[in-house]
file run_19.txt (compact mmCIF, C-alpha atoms)
# COMPACT_ATOMS: atom_id res chain seq x y z
CA MET A 289 -9.04 -11.84 11.44
CA ALA A 290 -8.05 -11.78 7.78
CA ASP A 291 -5.08 -13.95 6.83
CA PHE A 292 -1.81 -12.98 5.14
CA LYS A 293 -3.04 -13.67 1.61
CA THR A 294 -6.22 -11.65 2.10
CA HIS A 295 -4.35 -8.66 3.52
CA THR A 296 -1.83 -8.79 0.67
CA ALA A 297 -4.41 -9.22 -2.09
CA VAL A 298 -6.80 -6.50 -0.89
CA ALA A 299 -4.03 -3.98 -0.17
CA ALA A 300 -2.44 -4.68 -3.56
CA ALA A 301 -5.76 -4.31 -5.39
CA ALA A 302 -6.83 -1.13 -3.61
CA CYS A 303 -3.42 0.58 -3.82
CA GLY A 304 -3.05 -0.55 -7.42
CA ALA A 305 -6.32 1.18 -8.27
CA LEU A 306 -5.30 4.35 -6.39
CA SER A 307 -1.82 4.48 -7.93
CA THR A 308 -3.31 4.01 -11.38
CA ALA A 309 -5.73 6.86 -10.66
CA ALA A 310 -2.81 9.04 -9.56
CA LEU A 311 -1.04 8.20 -12.82
CA SER A 312 -4.13 8.98 -14.93
CA VAL A 313 -4.61 12.47 -13.46
CA GLY A 314 -0.93 13.37 -13.66
CA ALA A 315 -0.26 13.15 -9.92
CA ALA A 316 2.43 10.49 -10.45
CA THR A 317 4.75 9.23 -13.14
CA ALA A 318 4.72 5.58 -14.17
CA GLU A 319 7.73 4.88 -11.95
CA GLU A 320 6.15 6.69 -8.99
CA ALA A 321 2.86 4.86 -9.47
CA LEU A 322 4.72 1.54 -9.29
CA ILE A 323 6.55 2.64 -6.13
CA PHE A 324 3.29 3.82 -4.56
CA TRP A 325 1.63 0.49 -5.34
CA LEU A 326 4.49 -1.51 -3.79
CA ALA A 327 4.53 0.78 -0.73
CA GLY A 328 0.79 0.39 -0.22
CA THR A 329 1.00 -3.37 -0.55
CA LEU A 330 3.79 -3.51 2.03
CA GLY A 331 1.82 -1.14 4.26
CA GLY A 332 -0.99 -3.67 4.23
CA LEU A 333 1.27 -6.07 6.13
CA LEU A 334 2.80 -3.70 8.69
CA PRO A 335 0.16 -3.92 11.46
CA ASP A 336 0.82 -7.66 11.77
CA ILE A 337 4.49 -7.25 12.62
CA ASP A 338 3.39 -7.47 16.26
CA SER A 339 2.40 -11.10 15.64
CA ASP A 340 5.47 -13.13 16.60
CA HIS A 341 5.16 -15.94 14.05
CA SER A 342 3.31 -14.21 11.21
CA GLN A 343 4.55 -14.08 7.64
CA SER A 344 4.29 -10.30 7.81
CA ILE A 345 6.92 -9.86 10.52
CA GLN A 346 9.31 -12.23 8.74
CA LEU A 347 8.91 -10.43 5.42
CA VAL A 348 9.21 -6.92 6.90
CA PHE A 349 12.33 -7.75 8.92
CA SER A 350 13.86 -9.50 5.91
CA ILE A 351 13.43 -6.28 3.92
CA MET A 352 14.80 -4.21 6.80
CA GLY A 353 17.79 -6.55 7.10
CA ALA A 354 18.50 -6.28 3.39
CA MET A 355 18.30 -2.48 3.55
CA PHE A 356 20.62 -2.31 6.56
CA ALA A 357 23.10 -4.72 5.00
CA SER A 358 23.17 -2.89 1.67
CA SER A 359 23.73 0.47 3.36
CA LEU A 360 26.69 -0.86 5.36
CA VAL A 361 28.22 -2.53 2.31
CA ALA A 362 27.76 0.59 0.17
CA ASP A 363 29.42 2.70 2.87
CA GLN A 364 32.47 0.42 3.00
CA VAL A 365 32.99 -0.10 -0.73
CA GLY A 366 36.58 0.80 -1.56
CA VAL A 367 37.57 0.54 2.11
CA LEU A 368 37.25 -3.19 2.80
CA PRO A 369 38.21 -6.08 0.53
CA LEU A 370 35.48 -7.93 -1.32
CA TRP A 371 35.34 -10.94 1.00
CA MET A 372 34.92 -8.67 4.02
CA LEU A 373 32.11 -6.78 2.26
CA TRP A 374 30.30 -10.08 1.69
CA LEU A 375 30.82 -11.09 5.32
CA LEU A 376 29.68 -7.68 6.58
CA GLY A 377 26.52 -7.83 4.48
CA ILE A 378 25.63 -11.35 5.64
CA LEU A 379 26.23 -10.57 9.32
CA ALA A 380 24.26 -7.30 9.13
CA TYR A 381 21.30 -9.05 7.51
CA LEU A 382 21.31 -11.92 10.00
CA ALA A 383 21.56 -9.50 12.93
CA VAL A 384 18.36 -7.70 11.90
CA ARG A 385 16.56 -10.83 10.73
CA TYR A 386 17.00 -12.83 13.92
CA PRO A 387 18.22 -11.07 17.13
CA VAL A 388 16.51 -7.74 16.41
CA LEU A 389 13.33 -9.51 15.33
CA ALA A 390 13.37 -11.63 18.50
CA ILE A 391 13.77 -8.55 20.72
CA PHE A 392 10.99 -6.76 18.86
CA ALA A 393 8.67 -9.76 19.20
CA ARG A 394 9.47 -9.99 22.90
CA PHE A 395 8.19 -6.49 23.63
CA THR A 396 5.16 -6.34 21.33
CA VAL A 397 1.67 -7.75 21.76
CA HIS A 398 -0.57 -8.71 18.86
CA ARG A 399 -3.35 -6.18 18.26
CA GLY A 400 -1.73 -3.84 20.72
CA MET A 401 -0.13 -0.47 20.05
CA LEU A 402 0.87 -1.35 16.48
CA HIS A 403 -2.73 -2.14 15.54
CA SER A 404 -3.83 1.50 15.61
CA LEU A 405 -4.11 4.62 13.48
CA LEU A 406 -1.37 6.25 15.56
CA ALA A 407 0.98 3.41 14.61
CA ASN A 408 -0.06 3.73 10.97
CA THR A 409 0.88 7.42 11.12
CA LEU A 410 4.25 6.49 12.59
CA PHE A 411 4.78 3.90 9.83
CA ALA A 412 3.99 6.55 7.24
CA PHE A 413 6.33 9.19 8.68
CA ILE A 414 9.18 6.68 9.08
CA THR A 415 8.67 5.72 5.43
CA VAL A 416 8.76 9.37 4.33
CA ALA A 417 12.00 9.98 6.22
CA LEU A 418 13.63 6.81 4.87
CA ALA A 419 12.48 7.47 1.30
CA HIS A 420 13.97 10.98 1.37
CA HIS A 421 17.15 10.52 3.42
CA TYR A 422 18.01 6.89 2.58
CA PHE A 423 16.74 6.43 -0.97
CA PHE A 424 17.17 10.13 -1.90
CA LEU A 425 13.68 10.46 -3.36
CA SER A 426 12.18 13.89 -3.84
CA PRO A 427 9.97 15.31 -1.07
CA ARG A 428 6.89 14.94 -3.26
CA THR A 429 7.59 11.28 -4.04
CA SER A 430 8.60 10.54 -0.45
CA TRP A 431 5.31 11.87 0.90
CA GLY A 432 3.45 9.93 -1.75
CA VAL A 433 5.14 6.72 -0.63
CA GLY A 434 4.30 7.48 3.01
CA THR A 435 0.69 8.22 2.12
CA PHE A 436 0.30 4.86 0.40
CA VAL A 437 1.89 3.07 3.35
CA PHE A 438 -0.71 4.69 5.59
CA ILE A 439 -3.52 3.70 3.21
CA GLY A 440 -2.32 0.09 3.02
CA ALA A 441 -1.96 -0.20 6.80
CA THR A 442 -5.41 1.31 7.35
CA ILE A 443 -6.92 -1.16 4.88
CA HIS A 444 -5.38 -3.89 7.05
CA LEU A 445 -7.17 -2.56 10.14
CA LEU A 446 -10.46 -2.26 8.28
CA LEU A 447 -10.21 -5.86 7.07
CA ASP A 448 -9.56 -7.12 10.58
CA GLU A 449 -12.62 -5.28 11.85
CA LEU A 450 -14.77 -6.65 9.03
CA TYR A 451 -13.63 -10.17 9.85
CA SER A 452 -14.67 -9.55 13.44
CA VAL A 453 -18.30 -9.51 12.30
CA ASP A 454 -19.76 -12.96 11.71
CA LEU A 455 -22.46 -12.28 9.13
CA SER A 456 -23.50 -15.92 8.81
CA GLY A 457 -24.13 -16.20 12.52
CA ALA A 458 -25.30 -12.61 12.89
CA ARG A 459 -22.96 -11.98 15.79
CA ILE A 460 -19.98 -9.82 16.66
CA LYS A 461 -16.81 -11.57 17.77
CA LYS A 462 -14.86 -10.61 20.88
CA SER A 463 -12.06 -9.24 18.70
CA PHE A 464 -14.31 -6.47 17.36
CA GLY A 465 -12.88 -3.04 18.15
CA THR A 466 -9.33 -4.27 18.77
CA ALA A 467 -8.00 -3.49 15.27
CA LEU A 468 -9.30 -0.15 14.06
CA LYS A 469 -8.57 2.21 16.96
CA ILE A 470 -6.72 5.48 17.43
CA THR A 471 -4.31 3.91 19.93
CA ASP A 472 -4.24 1.37 22.72
CA TRP A 473 -5.42 3.40 25.72
CA GLN A 474 -4.44 0.58 28.10
CA TYR A 475 -0.84 1.74 27.73
CA PRO A 476 -0.84 5.55 28.15
CA GLY A 477 2.94 5.68 28.59
CA LEU A 478 3.56 3.85 25.30
CA THR A 479 0.97 6.05 23.63
CA ILE A 480 2.91 9.15 24.68
CA VAL A 481 6.18 7.61 23.45
CA MET A 482 4.64 6.73 20.09
CA ALA A 483 3.14 10.21 19.76
CA LEU A 484 6.58 11.70 20.43
CA LEU A 485 8.09 9.42 17.79
CA VAL A 486 5.45 10.63 15.34
CA LEU A 487 6.48 14.22 16.03
CA VAL A 488 10.20 13.39 15.70
CA THR A 489 9.79 11.51 12.41
CA PHE A 490 7.62 14.30 11.04
CA TRP A 491 10.26 16.85 12.05
CA ILE A 492 13.07 15.01 10.23
CA SER A 493 10.90 14.43 7.16
CA PRO A 494 11.03 16.85 4.21
CA SER A 495 8.41 19.55 3.80
CA PRO A 496 5.04 18.15 2.71
CA ALA A 497 4.26 21.30 0.70
CA ALA A 498 4.96 19.64 -2.66
CA TRP A 499 2.68 16.70 -1.88
CA GLN A 500 -0.02 19.03 -0.59
CA SER A 501 0.00 20.81 -3.93
CA VAL A 502 -0.40 17.44 -5.66
CA LEU A 503 -3.39 16.56 -3.47
CA HIS A 504 -4.85 20.00 -4.12
CA GLN A 505 -4.51 19.43 -7.85
CA VAL A 506 -6.12 16.00 -7.66
CA VAL A 507 -9.01 17.04 -5.41
CA TRP A 508 -9.80 20.47 -6.83
CA GLN A 509 -8.23 20.66 -10.28
CA GLY A 510 -8.08 16.97 -11.14
CA PRO A 511 -11.73 16.52 -12.14
CA SER A 512 -11.39 19.30 -14.73
CA HIS A 513 -8.67 17.24 -16.42
CA TRP A 514 -10.56 13.98 -16.27
CA PRO A 515 -12.14 12.94 -19.57
CA SER A 516 -15.74 14.02 -20.01
CA LEU A 517 -18.40 11.95 -21.75
CA THR A 518 -17.72 13.92 -24.91
CA ASP A 519 -13.99 13.11 -24.66
CA LEU A 520 -14.72 9.45 -24.06
CA HIS A 521 -17.03 9.43 -27.05
CA SER A 522 -14.29 10.93 -29.21
CA LEU A 523 -11.85 8.25 -28.05
CA LYS A 524 -13.99 5.46 -29.47
CA ALA A 525 -12.76 3.75 -32.56
CA PRO A 526 -14.43 5.25 -35.61
CA ALA A 527 -17.30 3.09 -36.79
CA GLN A 528 -17.28 1.76 -40.30
CA PRO A 529 -19.58 3.72 -42.61
CA GLY A 530 -23.02 2.16 -42.72
CA LEU A 531 -22.13 -0.44 -40.07
CA TRP A 532 -25.53 -0.39 -38.34
CA GLU A 533 -27.30 -0.33 -41.67
CA GLN A 534 -25.37 -3.39 -42.83
CA ALA A 535 -26.11 -5.24 -39.58
CA SER A 536 -29.82 -4.40 -39.90
CA GLN A 537 -29.85 -5.60 -43.49
CA HIS A 538 -28.16 -8.89 -42.57
CA LEU A 539 -30.59 -9.43 -39.72
CA THR A 540 -33.55 -8.79 -42.04
CA GLU A 541 -32.20 -11.28 -44.58
CA LEU A 542 -31.65 -13.86 -41.81
CA LEU A 543 -35.25 -13.46 -40.60
CA ARG A 544 -36.56 -13.73 -44.18
CA TRP A 545 -34.54 -16.93 -44.69
CA CYS A 546 -35.87 -18.41 -41.39
CA ARG A 547 -39.43 -17.52 -42.44
CA SER A 548 -38.93 -19.25 -45.78
CA LEU A 549 -37.71 -22.41 -44.04
CA TRP A 550 -40.70 -22.36 -41.74
CA SER A 551 -43.02 -22.05 -44.73

call {"tool": "encode", "arguments": {"input": "run_19.txt", "output": "structure tokens"}}
result
Amino acid sequence: MADFKTHTAVAAAACGALSTAALSVGAATAEEALIFWLAGTLGGLLPDIDSDHSQSIQLVFSIMGAMFASSLVADQVGVLPLWMLWLLGILAYLAVRYPVLAIFARFTVHRGMLHSLLANTLFAFITVALAHHYFFLSPRTSWGVGTFVFIGATIHLLLDELYSVDLSGARIKKSFGTALKITDWQYPGLTIVMALLVLVTFWISPSPAAWQSVLHQVVWQGPSHWPSLTDLHSLKAPAQPGLWEQASQHLTELLRWCRSLWS
């Protein structure tokens, strides 16, 4: 299994390349590309939140606690005095960071339901709903964030499967097949519940039509806007007049001088 640093580095590199590509073809602004990159990097950690003592679960629940605390404080600004706002924020954060995390860890098993493509879909739809209804992002941006979360989480599963193959010993470890799977069929009841949650989160999410048009532009119209070889040639810095001729002349003089020394 890949470790925390590997998951973070690979997800960040892959999603950074994809977000930059989205920026280059006009599918995202600079701000959106940065958000997509961060979302994909975080998505690369999500499948490991079922590991009780992993860095991923601590980081994710710290972020969730901060989001919950900030929402409560923002809702009570102007209603409660300052010291009570501070106390409310601290208590809300600690409640998510410790008791809620402990309950979540109690009922999850590592490489179980949350290590699946169905869980990745749920992560993505939850992200879309939160981005639109909590952070008030546009539907297009919200679906972009959710897409990158799904990509990052899927990269995590692929890495775990790759680490299940011991190339040096030419053998396959027992963990092979436990990461990249549609769902955990050992728990059909939980699979049904997760599928229902996927439907619910999709229903409360904004329409994906705007993001579909972006994907259509990238896939079908994007290549027509990408620079051709002629465009790339025109982007080169103009060469100095007679540059190659001067270099050839200098080289000839250098060879003549070396020949004279040899003589």

call {"tool": "residues_around", "arguments": {"input": "run_19.txt", "residues": "stretch 410-416 of chain A", "least_positions_apart": "4", "cutoff": "6 Å", "atoms": "all atoms listed in the file", "output": "list in words"}}
result
Ser430, Trp431, Gly434, Val437, Phe438, Val486, Thr489 and Phe490 of chain A

call {"tool": "closest_residue", "arguments": {"input": "run_19.txt", "among": "A:Ser339, A:Thr435, A:Thr308, A:Ser404", "to": "A:Ala390", "atoms": "all atoms listed in the file"}}
result
A:Ser339

call {"tool": "closest_residue", "arguments": {"input": "run_19.txt", "among": "A:Gly366, A:Ser344, A:Met355, A:Arg394", "to": "A:Ala380", "atoms": "all atoms listed in the file"}}
result
A:Met355

call {"tool": "residues_near_point", "arguments": {"input": "run_19.txt", "point": "(-11.5, -2.9, 5.3)", "cutoff": "12 Å", "atoms": "all atoms listed in the file", "output": "list in words"}}
result
Met289, Ala290, Thr294, His295, Val298, Ala299, Ala302, Gly332, Ile439, Gly440, Ala441, Thr442, Ile443, His444, Leu445, Leu446, Leu447, Asp448, Glu449, Leu450, Tyr451, Ser452, Val453, Ala467 and Leu468 of chain A

call {"tool": "closest_residue", "arguments": {"input": "run_19.txt", "among": "A:Ser493, A:Trp473, A:Asp291, A:Ser312", "to": "A:Phe424", "atoms": "all atoms listed in the file"}}
result
A:Ser493

call {"tool": "closest_residue", "arguments": {"input": "run_19.txt", "among": "A:Gln343, A:Thr296, A:Ser358, A:Ser307", "to": "A:Thr329", "atoms": "all atoms listed in the file"}}
result
A:Thr296

call {"tool": "closest_residue", "arguments": {"input": "run_19.txt", "among": "A:Ala407, A:Ala316, A:Ala321, A:Met401", "to": "A:Gly304", "atoms": "all atoms listed in the file"}}
result
A:Ala321

call {"tool": "atom_distance", "arguments": {"input": "run_19.txt", "atom1": "atom CA of A:Ile345", "atom2": "atom CA of A:His403"}}
result
13.3 Å

call {"tool": "closest_residue", "arguments": {"input": "run_19.txt", "among": "A:Leu360, A:Gln474, A:Ala498, A:Phe349", "to": "A:Leu389", "atoms": "all atoms listed in the file"}}
result
A:Phe349

call {"tool": "residues_around", "arguments": {"input": "run_19.txt", "residues": "A:Phe392", "least_positions_apart": "6", "cutoff": "10 Å", "atoms": "all atoms listed in the file", "output": "PyMOL selection string"}}
result
chain A and resi 337-338+340+345+386

call {"tool": "residues_around", "arguments": {"input": "run_19.txt", "residues": "A:Ala497", "least_positions_apart": "3", "cutoff": "12 Å", "atoms": "all atoms listed in the file", "output": "PDB file with C-alpha atoms, in the frame of the given file"}}
result
ATOM      1  CA  SER A 426      12.180  13.890  -3.840  1.00  0.00           C
ATOM      2  CA  PRO A 427       9.970  15.310  -1.070  1.00  0.00           C
ATOM      3  CA  ARG A 428       6.890  14.940  -3.260  1.00  0.00           C
ATOM      4  CA  THR A 429       7.590  11.280  -4.040  1.00  0.00           C
ATOM      5  CA  SER A 430       8.600  10.540  -0.450  1.00  0.00           C
ATOM      6  CA  TRP A 431       5.310  11.870   0.900  1.00  0.00           C
ATOM      7  CA  GLY A 432       3.450   9.930  -1.750  1.00  0.00           C
ATOM      8  CA  SER A 493      10.900  14.430   7.160  1.00  0.00           C
ATOM      9  CA  PRO A 494      11.030  16.850   4.210  1.00  0.00           C
ATOM     10  CA  GLN A 500      -0.020  19.030  -0.590  1.00  0.00           C
ATOM     11  CA  SER A 501       0.000  20.810  -3.930  1.00  0.00           C
ATOM     12  CA  VAL A 502      -0.400  17.440  -5.660  1.00  0.00           C
ATOM     13  CA  LEU A 503      -3.390  16.560  -3.470  1.00  0.00           C
ATOM     14  CA  HIS A 504      -4.850  20.000  -4.120  1.00  0.00           C
TER      15      HIS A 504
END

call {"tool": "residues_around", "arguments": {"input": "run_19.txt", "residues": "A:Glu319", "least_positions_apart": "4", "cutoff": "12 Å", "atoms": "all atoms listed in the file", "output": "PyMOL selection string"}}
result
chain A and resi 307-308+310-311+315+323-326+425+429+433

call {"tool": "atom_distance", "arguments": {"input": "run_19.txt", "atom1": "atom CA of A:Leu347", "atom2": "atom CA of A:Val361"}}
result
21.1 Å

call {"tool": "atom_distance", "arguments": {"input": "run_19.txt", "atom1": "atom CA of A:Leu373", "atom2": "atom CA of A:Ala327"}}
result
28.8 Å

call {"tool": "build_atoms", "arguments": {"input": "run_19.txt", "residues": "stretch 403-428 of chain A", "atoms": "N, CA, C and O atoms", "output": "short mmCIF file (atom, residue, chain, number, x, y, z; two decimals), keeping the file's coordinate frame"}}
result
data_model
loop_
_atom_site.label_atom_id
_atom_site.label_comp_id
_atom_site.auth_asym_id
_atom_site.auth_seq_id
_atom_site.Cartn_x
_atom_site.Cartn_y
_atom_site.Cartn_z
N HIS A 403 -1.46 -1.98 16.25
CA HIS A 403 -2.73 -2.14 15.54
C HIS A 403 -3.58 -0.90 15.79
O HIS A 403 -4.65 -0.98 16.40
N SER A 404 -3.12 0.25 15.34
CA SER A 404 -3.83 1.50 15.61
C SER A 404 -3.51 2.52 14.53
O SER A 404 -2.52 2.38 13.79
N LEU A 405 -4.34 3.54 14.45
CA LEU A 405 -4.11 4.62 13.48
C LEU A 405 -2.87 5.44 13.84
O LEU A 405 -2.19 5.97 12.96
N LEU A 406 -2.58 5.54 15.14
CA LEU A 406 -1.37 6.25 15.56
C LEU A 406 -0.13 5.52 15.04
O LEU A 406 0.82 6.15 14.57
N ALA A 407 -0.14 4.20 15.14
CA ALA A 407 0.98 3.41 14.61
C ALA A 407 1.07 3.54 13.10
O ALA A 407 2.17 3.64 12.54
N ASN A 408 -0.06 3.55 12.42
CA ASN A 408 -0.06 3.73 10.97
C ASN A 408 0.57 5.07 10.58
O ASN A 408 1.30 5.17 9.59
N THR A 409 0.27 6.11 11.37
CA THR A 409 0.88 7.42 11.12
C THR A 409 2.39 7.37 11.31
O THR A 409 3.16 7.94 10.53
N LEU A 410 2.81 6.65 12.36
CA LEU A 410 4.25 6.49 12.59
C LEU A 410 4.90 5.72 11.44
O LEU A 410 5.99 6.10 10.97
N PHE A 411 4.26 4.64 10.98
CA PHE A 411 4.78 3.90 9.83
C PHE A 411 4.95 4.82 8.63
O PHE A 411 5.97 4.76 7.92
N ALA A 412 3.95 5.66 8.40
CA ALA A 412 3.99 6.55 7.24
C ALA A 412 5.12 7.56 7.35
O ALA A 412 5.87 7.78 6.38
N PHE A 413 5.29 8.18 8.52
CA PHE A 413 6.33 9.19 8.68
C PHE A 413 7.74 8.57 8.62
O PHE A 413 8.67 9.19 8.09
N ILE A 414 7.89 7.38 9.19
CA ILE A 414 9.18 6.68 9.08
C ILE A 414 9.50 6.41 7.61
O ILE A 414 10.64 6.57 7.15
N THR A 415 8.48 5.99 6.85
CA THR A 415 8.67 5.72 5.43
C THR A 415 9.07 6.98 4.67
O THR A 415 9.96 6.95 3.81
N VAL A 416 8.42 8.10 4.99
CA VAL A 416 8.76 9.37 4.33
C VAL A 416 10.21 9.74 4.60
O VAL A 416 10.96 10.11 3.67
N ALA A 417 10.62 9.63 5.86
CA ALA A 417 12.00 9.98 6.22
C ALA A 417 13.00 9.05 5.53
O ALA A 417 14.03 9.52 5.01
N LEU A 418 12.72 7.76 5.52
CA LEU A 418 13.63 6.81 4.87
C LEU A 418 13.68 7.04 3.36
O LEU A 418 14.76 7.00 2.75
N ALA A 419 12.52 7.27 2.75
CA ALA A 419 12.48 7.47 1.30
C ALA A 419 13.30 8.69 0.90
O ALA A 419 13.97 8.68 -0.14
N HIS A 420 13.26 9.74 1.73
CA HIS A 420 13.97 10.98 1.37
C HIS A 420 15.45 10.92 1.74
O HIS A 420 16.30 11.29 0.92
N HIS A 421 15.76 10.46 2.95
CA HIS A 421 17.15 10.52 3.42
C HIS A 421 17.95 9.27 3.07
O HIS A 421 19.19 9.35 2.99
N TYR A 422 17.29 8.14 2.87
CA TYR A 422 18.01 6.89 2.58
C TYR A 422 18.01 6.58 1.10
O TYR A 422 19.04 6.23 0.53
N PHE A 423 16.84 6.73 0.46
CA PHE A 423 16.74 6.43 -0.97
C PHE A 423 16.85 7.68 -1.84
O PHE A 423 16.79 7.58 -3.06
N PHE A 424 16.95 8.86 -1.20
CA PHE A 424 17.17 10.13 -1.90
C PHE A 424 16.05 10.45 -2.90
O PHE A 424 16.30 10.98 -3.98
N LEU A 425 14.82 10.10 -2.53
CA LEU A 425 13.68 10.46 -3.36
C LEU A 425 13.29 11.91 -3.08
O LEU A 425 13.61 12.47 -2.03
N SER A 426 12.61 12.51 -4.02
CA SER A 426 12.18 13.89 -3.84
C SER A 426 11.14 13.99 -2.72
O SER A 426 10.50 12.98 -2.38
N PRO A 427 10.98 15.17 -2.12
CA PRO A 427 9.97 15.31 -1.07
C PRO A 427 8.57 14.90 -1.53
O PRO A 427 7.83 14.26 -0.78
N ARG A 428 8.22 15.27 -2.75
CA ARG A 428 6.89 14.94 -3.26
C ARG A 428 6.70 13.42 -3.35
O ARG A 428 5.69 12.88 -2.90
#
